[in-house]
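Undergrad: One structure is given below, represented as structure tokens, and several questions about it will come after.
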Amino acid sequence: MSQKYHIITYGCQMNLHESEKMAGILRHMGYEECSSTQEADVIVFNTCCIRENAENHAFGNIGALKKLKKEKPGLIIAVGGCMTQEKGKTDVLKKKFPFIDVMFGTLNLEDLETLINRKRNQKKKVIEVLEKEREIIEFTDAYRTSYPNAWVNIMYGCNNFCSYCIVPYVRGRERSRKAEDIITEVRSLIEEGYKEITLLGQNVNSYNSDGKGGMTFAELLDAVASIDGKFRVRFMTSHPKDFNEDVVKVMEKHRKICRLVHLPVQSGSDRILQAMNRRYTSGKYLAEVEMLRKRIPEAELTTDIIVGFPGETEEDYLATEALVKQVDFASAFTFVYSPRQGTKAAEMADRIPEEIQKDRIMRLVELVNSLTRKKSEKYVGKTVEILCEGYDEKKGMYLGRDEFGRMGYFESESDALGEFVTLKIVRANGISLYGERVDVPIKED
Ligand code: SAH
Ligand code: SF4
Ligand code: F3S
């Protein structure tokens with residue numbers, strides 16, 4: 001009987017895709033996927049450390065395996081991702097969870113096979129976390145789990161050192177993949193039937209900052225969207241300090257590129273933006289939004305916002321609310337500031353008390369939800385194209401997103417997964433839309 005693996009992923013799209021790469025490695029080794037830790041022979045935790053609660057989440061789930069490991073000594077428990085890459089974290093993990101067998105970081109995930117094999121041949125645990133990034137290893141065997149979407153890394157790492165953020169410390173400096181490798185990968189994904197390509201980087205606009213890509217992000221986006229076939233192109237994340245008109249011109253040129261830009265603003269207060277080391281002002285941000293909407297009036301924006309950053313006054317917070325209203329975001333990810341050891345902001349005085357943070361996040365969430373609801377209501381009666389990405393068992397309906405990332409539910413007699421479906425929206429509920437298929441479903445025998 002073949003051995004089985006189970007991967008548990010925390011964090012962002014980058015990590016989701018890296019878990020697909022880990023799955024590719026494990027399958028190559030002969031392991032098969034299983035859906036629970038109980039059945040698995042190898043369990044991999046792909047961790048995140050962006051905020052304290054992401055770490056606590058992983059700690060809780062790793063800790064819960066103590067009993068299973070006792071009952072099943074042959075089980076291999078491996079921990080990788082951003083948390084293990086944090087300075088000193090492997091020691092913490094070793095102490096807290098002595099039953100972990102393998103630890104590796106974000107910079108050497110390609111070594112997973114070697115590390116697991118080494119563990120199989122020795123009693124001692126295997127810990128290998130690189131200090132410095134190495135040359136990009138091209139990887140073609142990811143076992144993708146997000147059909148019809150495919151994630152494609154265009155670059156790794158981050159050079160920005162926003163003062164609150166741990167990412168530059170756990171992902172290394174920016175490294176760009178060669179444009180030709182990216183284009184070849186996208187071409188083969190389209191040939192395999194993927195319908196949506198999401199280009200990934202911490203700051204896609206600084207693609208090629210190391211000169212290794214061979215072209216700018218705008219040129220790369222143009223090249224990817226020029227590939228034949230019906231598919232959508234998304235990209236994330238854009239950084240307001242580098243977002244530019246060249247990219248918007250390419251969006252204008254290609255209908256394949258979704259009219260949605262994820263442009264994290266973090267705060268509406270210039271004082272706080274400066275303390276965050278974001279290197280733009282709210283004025284520059286608003287000018288970019290205006291530039292985008294001038295060229296593509298229907299374009300929507302989503303964003304990330306942090307409240308309760310050290311020193312944030314009520315006035316600063318209200319500046320964020322004002323900016324949110326002015327931009328009229330389609331949706332926003334909102335976070336309470338979480339100090340990360342080793343970052344500049346963690347050393348800053350004037351921490352904001354928890355009750356004030358809570359109060360601000362609640363007010364902000366309410367504001368964002370009200371904008372989202374208003375936009376949803378406007379959808380009713382409209383016809384939209386949805387790319388079907390799954391089936392919701394509870395609702396008994398298929399679901400998918402339109403090009404603005406809005407979730408739409410619908411009933412369908414035929415299996416609609418991976419199809420572009422035209423829906424007439426009949427009802428909106430919060431962020432979700434409900435529609436009826438108005439395209440003619442092709443019945444298959
Ligand atoms: N590279 C992307 C975002 C990566 S992290 C960018 O620059 O936009 C995703 C989001 O997590 C960030 O945009 C930020 O809003 C949030 N975040 C990062 N560090 C955080 C911290 N210490 N506390 C709270 N939120 C944080
Ligand atoms: Fe973090 Fe800033 Fe880099 Fe984004 S750009 S990953 S927020 S340091
Ligand atoms: Fe992503 Fe979390 Fe790492 S957000 S880059 S998995 S710290």
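By order in the structure tokens, chains are A, B, ...; within a chain, residues start at 1; ligands start at 1, following the order shown.
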Identify, counting only C-alpha atoms and all ligand atoms, the protein, DNA and RNA residues located within 10 Å of ligand 3, and give them as a PyMOL selection string.

TA: chain A and resi 9-16+18+46-51+54-55+81-83+85-86+106+156-158+165-171+201-202

Undergrad: Please, could you write that set of residues out with C-alpha atoms as a PDB file, in the first residue's frame?

TA:
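What landed in out.pdb:
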ATOM      1  CA  THR A   9      -1.132  25.511   4.615  1.00  0.00           C
ATOM      2  CA  TYR A  10      -1.337  28.893   6.338  1.00  0.00           C
ATOM      3  CA  GLY A  11      -0.911  32.363   4.888  1.00  0.00           C
ATOM      4  CA  CYS A  12      -1.048  33.878   1.461  1.00  0.00           C
ATOM      5  CA  GLN A  13      -1.350  32.755  -2.159  1.00  0.00           C
ATOM      6  CA  MET A  14       2.408  32.473  -2.288  1.00  0.00           C
ATOM      7  CA  ASN A  15       2.226  29.781   0.362  1.00  0.00           C
ATOM      8  CA  LEU A  16      -0.733  28.061  -1.276  1.00  0.00           C
ATOM      9  CA  GLU A  18       4.364  26.602  -2.536  1.00  0.00           C
ATOM     10  CA  ASN A  46       3.542  25.189   5.497  1.00  0.00           C
ATOM     11  CA  THR A  47       3.515  28.038   7.995  1.00  0.00           C
ATOM     12  CA  CYS A  48       2.965  31.803   7.983  1.00  0.00           C
ATOM     13  CA  CYS A  49       4.210  34.407  10.465  1.00  0.00           C
ATOM     14  CA  ILE A  50       2.692  37.618   9.114  1.00  0.00           C
ATOM     15  CA  ARG A  51       0.715  38.212  12.315  1.00  0.00           C
ATOM     16  CA  ALA A  54      -1.103  33.049  12.122  1.00  0.00           C
ATOM     17  CA  GLU A  55       1.710  31.647  14.254  1.00  0.00           C
ATOM     18  CA  GLY A  81       7.392  28.023   5.414  1.00  0.00           C
ATOM     19  CA  CYS A  82       7.801  31.528   6.738  1.00  0.00           C
ATOM     20  CA  MET A  83       7.737  30.699  10.442  1.00  0.00           C
ATOM     21  CA  GLN A  85      12.565  30.851   8.287  1.00  0.00           C
ATOM     22  CA  GLU A  86      12.251  33.396  11.131  1.00  0.00           C
ATOM     23  CA  THR A 106      11.151  29.153   2.406  1.00  0.00           C
ATOM     24  CA  TYR A 156      10.376  35.837  -4.996  1.00  0.00           C
ATOM     25  CA  GLY A 157      11.329  37.867  -1.941  1.00  0.00           C
ATOM     26  CA  CYS A 158      10.864  41.508  -1.050  1.00  0.00           C
ATOM     27  CA  CYS A 165       6.423  43.536   8.006  1.00  0.00           C
ATOM     28  CA  ILE A 166       8.308  40.294   8.540  1.00  0.00           C
ATOM     29  CA  VAL A 167       8.216  39.181   4.895  1.00  0.00           C
ATOM     30  CA  PRO A 168      11.603  40.623   3.806  1.00  0.00           C
ATOM     31  CA  TYR A 169      13.218  38.750   6.709  1.00  0.00           C
ATOM     32  CA  VAL A 170      11.670  35.398   5.859  1.00  0.00           C
ATOM     33  CA  ARG A 171      11.607  35.531   2.071  1.00  0.00           C
ATOM     34  CA  GLY A 201       5.010  38.583  -6.354  1.00  0.00           C
ATOM     35  CA  GLN A 202       5.173  40.668  -3.164  1.00  0.00           C
TER      36      GLN A 202
END

Undergrad: What residues of the protein or nucleic acid chains come within 6 Å of ligand 1 when you use only C-alpha atoms and all ligand atoms? Reply as a VMD selection string.

TA: chain A and resid 50 to 51 164 to 165 202 to 203 237 239 264 266 304 to 306 335 to 340

Undergrad: So which bits of region 94-203 of chain A end up alpha helix (DSSP H) when you DSSP the backbone, as a CSV table (one decimal) with all heavy atoms, in the first residue's frame?

TA:
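The resulting file, out12.csv, is reproduced below:
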chain,number,residue,atom,x,y,z
A,94,LYS,N,11.7,23.5,18.3
A,94,LYS,CA,12.3,22.3,18.8
A,94,LYS,C,12.0,22.0,20.2
A,94,LYS,O,11.7,20.9,20.7
A,94,LYS,CB,13.8,22.4,18.6
A,94,LYS,CG,14.6,21.1,18.3
A,94,LYS,CD,15.9,21.4,17.7
A,94,LYS,CE,16.9,21.8,18.7
A,94,LYS,NZ,18.3,22.0,18.1
A,95,LYS,N,12.0,23.1,21.0
A,95,LYS,CA,11.7,23.1,22.4
A,95,LYS,C,10.3,22.7,22.7
A,95,LYS,O,9.9,21.9,23.5
A,95,LYS,CB,12.0,24.4,23.1
A,95,LYS,CG,13.4,24.4,23.7
A,95,LYS,CD,13.4,25.4,24.9
A,95,LYS,CE,14.8,25.6,25.3
A,95,LYS,NZ,15.2,27.0,25.2
A,96,LYS,N,9.4,23.5,22.0
A,96,LYS,CA,8.0,23.3,22.2
A,96,LYS,C,7.4,22.0,21.7
A,96,LYS,O,6.6,21.4,22.3
A,96,LYS,CB,7.3,24.4,21.3
A,96,LYS,CG,6.6,25.5,22.2
A,96,LYS,CD,5.9,26.5,21.2
A,96,LYS,CE,4.6,27.0,21.6
A,96,LYS,NZ,4.5,27.9,22.7
A,112,LEU,N,13.0,19.4,-0.1
A,112,LEU,CA,12.1,18.6,0.8
A,112,LEU,C,12.3,17.1,0.6
A,112,LEU,O,12.4,16.3,1.6
A,112,LEU,CB,10.6,18.9,0.5
A,112,LEU,CG,9.6,18.3,1.4
A,112,LEU,CD1,9.8,18.7,2.9
A,112,LEU,CD2,8.1,18.7,1.0
A,113,GLU,N,12.5,16.6,-0.6
A,113,GLU,CA,12.8,15.2,-0.8
A,113,GLU,C,14.0,14.7,-0.1
A,113,GLU,O,14.0,13.7,0.6
A,113,GLU,CB,12.9,14.9,-2.3
A,113,GLU,CG,13.2,13.5,-2.6
A,113,GLU,CD,13.0,13.1,-4.1
A,113,GLU,OE1,12.7,13.9,-4.9
A,113,GLU,OE2,13.3,11.9,-4.4
A,114,THR,N,15.1,15.5,-0.3
A,114,THR,CA,16.4,15.1,0.3
A,114,THR,C,16.2,15.1,1.8
A,114,THR,O,16.7,14.2,2.5
A,114,THR,CB,17.4,16.2,-0.1
A,114,THR,OG1,17.3,16.5,-1.4
A,114,THR,CG2,18.8,15.7,0.2
A,115,LEU,N,15.5,16.1,2.4
A,115,LEU,CA,15.4,16.2,3.8
A,115,LEU,C,14.6,15.0,4.4
A,115,LEU,O,14.9,14.5,5.4
A,115,LEU,CB,14.9,17.5,4.2
A,115,LEU,CG,15.7,18.8,3.7
A,115,LEU,CD1,15.0,20.1,4.1
A,115,LEU,CD2,17.1,18.7,4.3
A,116,ILE,N,13.5,14.7,3.7
A,116,ILE,CA,12.7,13.6,4.2
A,116,ILE,C,13.4,12.3,4.1
A,116,ILE,O,13.4,11.5,5.0
A,116,ILE,CB,11.3,13.6,3.4
A,116,ILE,CG1,10.5,14.7,3.9
A,116,ILE,CG2,10.6,12.2,3.7
A,116,ILE,CD1,9.1,14.8,3.3
A,117,ASN,N,14.1,12.1,3.0
A,117,ASN,CA,14.9,10.9,2.8
A,117,ASN,C,16.0,10.8,3.9
A,117,ASN,O,16.3,9.7,4.5
A,117,ASN,CB,15.6,10.8,1.5
A,117,ASN,CG,14.5,10.4,0.4
A,117,ASN,OD1,13.6,9.7,0.8
A,117,ASN,ND2,14.7,10.7,-0.8
A,118,ARG,N,16.6,11.9,4.2
A,118,ARG,CA,17.6,11.9,5.3
A,118,ARG,C,17.0,11.5,6.6
A,118,ARG,O,17.6,10.7,7.3
A,118,ARG,CB,18.3,13.3,5.4
A,118,ARG,CG,19.7,13.2,6.0
A,118,ARG,CD,20.3,14.6,6.2
A,118,ARG,NE,20.5,15.3,5.0
A,118,ARG,CZ,20.6,16.7,4.9
A,118,ARG,NH1,20.5,17.4,6.0
A,118,ARG,NH2,20.9,17.2,3.8
A,119,LYS,N,15.9,12.0,6.9
A,119,LYS,CA,15.2,11.6,8.1
A,119,LYS,C,14.8,10.2,8.2
A,119,LYS,O,14.9,9.5,9.2
A,119,LYS,CB,13.9,12.5,8.3
A,119,LYS,CG,13.1,12.2,9.5
A,119,LYS,CD,13.8,12.3,10.8
A,119,LYS,CE,13.3,11.4,11.8
A,119,LYS,NZ,14.0,11.4,13.1
A,120,ARG,N,14.4,9.6,7.0
A,120,ARG,CA,14.1,8.2,7.0
A,120,ARG,C,15.3,7.3,7.4
A,120,ARG,O,15.1,6.2,7.9
A,120,ARG,CB,13.6,7.8,5.6
A,120,ARG,CG,12.2,8.2,5.3
A,120,ARG,CD,12.0,8.1,3.8
A,120,ARG,NE,10.7,7.7,3.4
A,120,ARG,CZ,10.4,7.6,2.1
A,120,ARG,NH1,11.3,7.7,1.2
A,120,ARG,NH2,9.2,7.3,1.8
A,167,VAL,N,8.0,39.9,6.2
A,167,VAL,CA,8.2,39.2,4.9
A,167,VAL,C,9.7,39.3,4.4
A,167,VAL,O,10.3,38.3,4.0
A,167,VAL,CB,7.2,39.6,3.8
A,167,VAL,CG1,7.5,39.0,2.4
A,167,VAL,CG2,5.8,39.1,4.2
A,168,PRO,N,10.2,40.5,4.3
A,168,PRO,CA,11.6,40.6,3.8
A,168,PRO,C,12.6,39.8,4.6
A,168,PRO,O,13.6,39.3,4.1
A,168,PRO,CB,11.9,42.1,3.9
A,168,PRO,CG,10.6,42.8,4.0
A,168,PRO,CD,9.7,41.9,4.7
A,169,TYR,N,12.3,39.5,5.9
A,169,TYR,CA,13.2,38.7,6.7
A,169,TYR,C,13.1,37.2,6.5
A,169,TYR,O,14.0,36.5,6.8
A,169,TYR,CB,13.0,39.0,8.2
A,169,TYR,CG,13.2,40.5,8.5
A,169,TYR,CD1,12.1,41.4,8.5
A,169,TYR,CD2,14.4,41.0,8.9
A,169,TYR,CE1,12.2,42.7,8.8
A,169,TYR,CE2,14.6,42.4,9.2
A,169,TYR,CZ,13.5,43.2,9.1
A,169,TYR,OH,13.6,44.6,9.4
A,170,VAL,N,11.9,36.8,6.0
A,170,VAL,CA,11.7,35.4,5.9
A,170,VAL,C,11.6,34.9,4.4
A,170,VAL,O,11.4,33.8,4.1
A,170,VAL,CB,10.4,35.0,6.6
A,170,VAL,CG1,10.6,35.2,8.1
A,170,VAL,CG2,9.1,35.7,6.2
A,171,ARG,N,11.7,35.9,3.5
A,171,ARG,CA,11.6,35.5,2.1
A,171,ARG,C,12.8,36.0,1.3
A,171,ARG,O,12.9,35.8,0.1
A,171,ARG,CB,10.4,36.2,1.5
A,171,ARG,CG,9.1,35.6,2.0
A,171,ARG,CD,8.7,34.5,1.1
A,171,ARG,NE,7.6,33.6,1.6
A,171,ARG,CZ,7.2,32.5,1.0
A,171,ARG,NH1,7.7,32.2,-0.1
A,171,ARG,NH2,6.2,31.8,1.5
A,179,ALA,N,11.7,36.1,-17.8
A,179,ALA,CA,10.4,36.2,-18.4
A,179,ALA,C,10.1,35.0,-19.3
A,179,ALA,O,9.0,34.5,-19.4
A,179,ALA,CB,10.4,37.5,-19.2
A,180,GLU,N,11.1,34.5,-20.0
A,180,GLU,CA,10.8,33.4,-21.0
A,180,GLU,C,10.4,32.2,-20.2
A,180,GLU,O,9.5,31.5,-20.7
A,180,GLU,CB,12.0,33.1,-21.9
A,180,GLU,CG,13.3,32.8,-21.1
A,180,GLU,CD,14.5,32.8,-22.0
A,180,GLU,OE1,14.8,31.8,-22.6
A,180,GLU,OE2,15.3,33.8,-22.0
A,181,ASP,N,10.9,32.0,-19.0
A,181,ASP,CA,10.4,30.8,-18.3
A,181,ASP,C,9.0,31.0,-17.8
A,181,ASP,O,8.2,30.0,-17.8
A,181,ASP,CB,11.3,30.6,-17.0
A,181,ASP,CG,12.7,30.1,-17.4
A,181,ASP,OD1,12.9,29.6,-18.4
A,181,ASP,OD2,13.6,30.4,-16.5
A,182,ILE,N,8.6,32.2,-17.4
A,182,ILE,CA,7.3,32.5,-17.0
A,182,ILE,C,6.3,32.3,-18.2
A,182,ILE,O,5.3,31.6,-18.0
A,182,ILE,CB,7.2,33.9,-16.5
A,182,ILE,CG1,8.1,34.1,-15.2
A,182,ILE,CG2,5.7,34.3,-16.1
A,182,ILE,CD1,8.3,35.6,-14.8
A,183,ILE,N,6.7,32.8,-19.3
A,183,ILE,CA,5.8,32.8,-20.5
A,183,ILE,C,5.6,31.3,-20.9
A,183,ILE,O,4.5,30.9,-21.2
A,183,ILE,CB,6.3,33.7,-21.6
A,183,ILE,CG1,6.3,35.1,-21.2
A,183,ILE,CG2,5.6,33.5,-22.9
A,183,ILE,CD1,7.2,36.1,-22.0
A,184,THR,N,6.7,30.5,-20.9
A,184,THR,CA,6.6,29.1,-21.2
A,184,THR,C,5.7,28.4,-20.3
A,184,THR,O,4.8,27.6,-20.7
A,184,THR,CB,8.0,28.4,-21.2
A,184,THR,OG1,8.9,29.2,-22.0
A,184,THR,CG2,8.0,27.0,-21.6
A,185,GLU,N,5.8,28.7,-19.0
A,185,GLU,CA,4.9,28.1,-18.0
A,185,GLU,C,3.5,28.4,-18.3
A,185,GLU,O,2.6,27.5,-18.3
A,185,GLU,CB,5.3,28.5,-16.6
A,185,GLU,CG,4.5,27.8,-15.5
A,185,GLU,CD,4.9,28.1,-14.1
A,185,GLU,OE1,5.9,28.8,-13.9
A,185,GLU,OE2,4.2,27.6,-13.2
A,186,VAL,N,3.2,29.7,-18.5
A,186,VAL,CA,1.8,30.1,-18.7
A,186,VAL,C,1.3,29.4,-20.0
A,186,VAL,O,0.1,28.9,-20.0
A,186,VAL,CB,1.7,31.6,-18.8
A,186,VAL,CG1,0.3,32.0,-19.2
A,186,VAL,CG2,2.1,32.3,-17.5
A,187,ARG,N,2.1,29.4,-21.0
A,187,ARG,CA,1.6,28.8,-22.3
A,187,ARG,C,1.2,27.3,-22.0
A,187,ARG,O,0.1,26.9,-22.5
A,187,ARG,CB,2.7,28.9,-23.3
A,187,ARG,CG,2.2,28.9,-24.7
A,187,ARG,CD,3.2,29.2,-25.7
A,187,ARG,NE,3.3,30.6,-26.0
A,187,ARG,CZ,4.4,31.3,-26.2
A,187,ARG,NH1,5.6,30.7,-26.0
A,187,ARG,NH2,4.4,32.6,-26.5
A,188,SER,N,2.0,26.6,-21.3
A,188,SER,CA,1.7,25.2,-21.1
A,188,SER,C,0.5,25.0,-20.1
A,188,SER,O,-0.3,24.1,-20.3
A,188,SER,CB,2.9,24.3,-20.6
A,188,SER,OG,3.3,24.7,-19.4
A,189,LEU,N,0.3,26.0,-19.2
A,189,LEU,CA,-0.9,25.9,-18.3
A,189,LEU,C,-2.2,26.1,-19.2
A,189,LEU,O,-3.2,25.4,-18.9
A,189,LEU,CB,-0.8,26.9,-17.2
A,189,LEU,CG,0.2,26.6,-16.1
A,189,LEU,CD1,0.5,27.9,-15.3
A,189,LEU,CD2,-0.2,25.5,-15.3
A,190,ILE,N,-2.1,27.0,-20.1
A,190,ILE,CA,-3.3,27.3,-21.0
A,190,ILE,C,-3.5,26.1,-21.8
A,190,ILE,O,-4.7,25.6,-22.0
A,190,ILE,CB,-3.0,28.5,-21.8
A,190,ILE,CG1,-2.8,29.8,-21.0
A,190,ILE,CG2,-4.2,28.8,-22.8
A,190,ILE,CD1,-3.8,30.1,-20.0
A,191,GLU,N,-2.5,25.5,-22.3
A,191,GLU,CA,-2.7,24.2,-23.1
A,191,GLU,C,-3.3,23.1,-22.3
A,191,GLU,O,-4.1,22.3,-22.8
A,191,GLU,CB,-1.3,23.8,-23.7
A,191,GLU,CG,-1.0,24.4,-25.0
A,191,GLU,CD,0.4,24.3,-25.4
A,191,GLU,OE1,1.1,23.3,-24.9
A,191,GLU,OE2,0.9,25.1,-26.2
A,192,GLU,N,-2.9,23.1,-21.0
A,192,GLU,CA,-3.5,22.0,-20.1
A,192,GLU,C,-4.9,22.4,-19.7
A,192,GLU,O,-5.6,21.5,-19.1
A,192,GLU,CB,-2.7,22.0,-18.8
A,192,GLU,CG,-1.4,21.3,-18.9
A,192,GLU,CD,-0.6,21.4,-17.6
A,192,GLU,OE1,-1.2,21.3,-16.5
A,192,GLU,OE2,0.6,21.7,-17.7

Undergrad: If DSSP is run on the backbone, what residues of region 82-223 of chain A are strand (DSSP E)? A reply as an NGL selection string would be ideal.

TA: :A and (102-104 or 126-128 or 149-153 or 155-156 or 175-176 or 196-200)

Undergrad: I'd like to know which of A:Leu286, A:Met397, A:Met22, A:Leu263 is closest to ligand 2, using only C-alpha atoms and all ligand atoms.

TA: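 Ranking A:Leu286, A:Met397, A:Met22, A:Leu263 by distance to ligand 2, first place goes to A:Leu263.
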
Undergrad: Between A:Arg295, A:Lys249, A:Lys344, A:His254, which residue has the minimum interatomic distance to ligand 2, considering only C-alpha atoms and all ligand atoms?

TA: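 Closest candidate: A:Lys344.
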
Undergrad: Within 10 Å of Asp246 (chain A), counting only C-alpha atoms, which residues show up once you throw out same-chain ones fewer than 4 positions away? Write them as a list in words, please.

TA: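 Non-adjacent residues within range: Thr216, Phe217, Ala218, Glu219, Val250, Met251 and Glu252 of chain A.
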
Undergrad: What does the distance between CA of Leu65 (chain A) and CA of Ile43 (chain A) come to in Å, to one decimal place?

TA: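 These two atoms are separated by 9.7 Å.
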
Undergrad: Need the shell around Phe97 (chain A): protein/DNA/RNA residues with any atom at most 12 Å away, counting only C-alpha atoms. Skip same-chain ones fewer than 2 positions apart. Format as an NGL selection string?

TA: :A and (58-67 or 69 or 77-79 or 89-95 or 99-103 or 125)

Undergrad: Which is closest to ligand 2 among A:Phe161, A:Phe329, A:Phe410, A:Tyr398, if we use only C-alpha atoms and all ligand atoms?

TA: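 That would be A:Phe161, the residue with the smallest distance to ligand 2.
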
Undergrad: From the options A:Ser414, A:Ser146, A:Ser35, A:Asn159, which residue's atoms come nearest to ligand 2, counting only C-alpha atoms and all ligand atoms?

TA: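 That would be A:Asn159, the residue with the smallest distance to ligand 2.
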
Undergrad: Counting only C-alpha atoms, which of A:Asn429, A:Thr145, A:Asn208, A:Gln38 gets nearest to Glu20 (chain A)?

TA: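 Smallest separation from Glu20 (chain A) among the options: A:Thr145.
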
Undergrad: For the atom pair CA of Thr320 (chain A) and CA of Gly430 (chain A), what is the interatomic distance in Å to one decimal place?

TA: 22.4 Å

Undergrad: Check the smallest atom-to-atom distance from each of A:Glu71, A:Glu196, A:Asp316, A:Glu174 to ligand 2 using only C-alpha atoms and all ligand atoms, then report the winner.

TA: A:Glu174

Undergrad: Near Leu273 (chain A), within 12 Å and counting only C-alpha atoms, which residues show up once chain neighbours fewer than 4 positions away are dropped, as a PyMOL selection string?

TA: chain A and resi 162-164+240-241+264-269+277-285+305-307+309-312+316-317+319-320

Undergrad: How far is it from atom 4 (Fe, counted along the ligand's line) of ligand 2 to CA of Glu52 (chain A), in Å with one decimal?

TA: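 Interatomic distance, atom 4 (Fe, counted along the ligand's line) of ligand 2 to CA of Glu52 (chain A): 16.7 Å.
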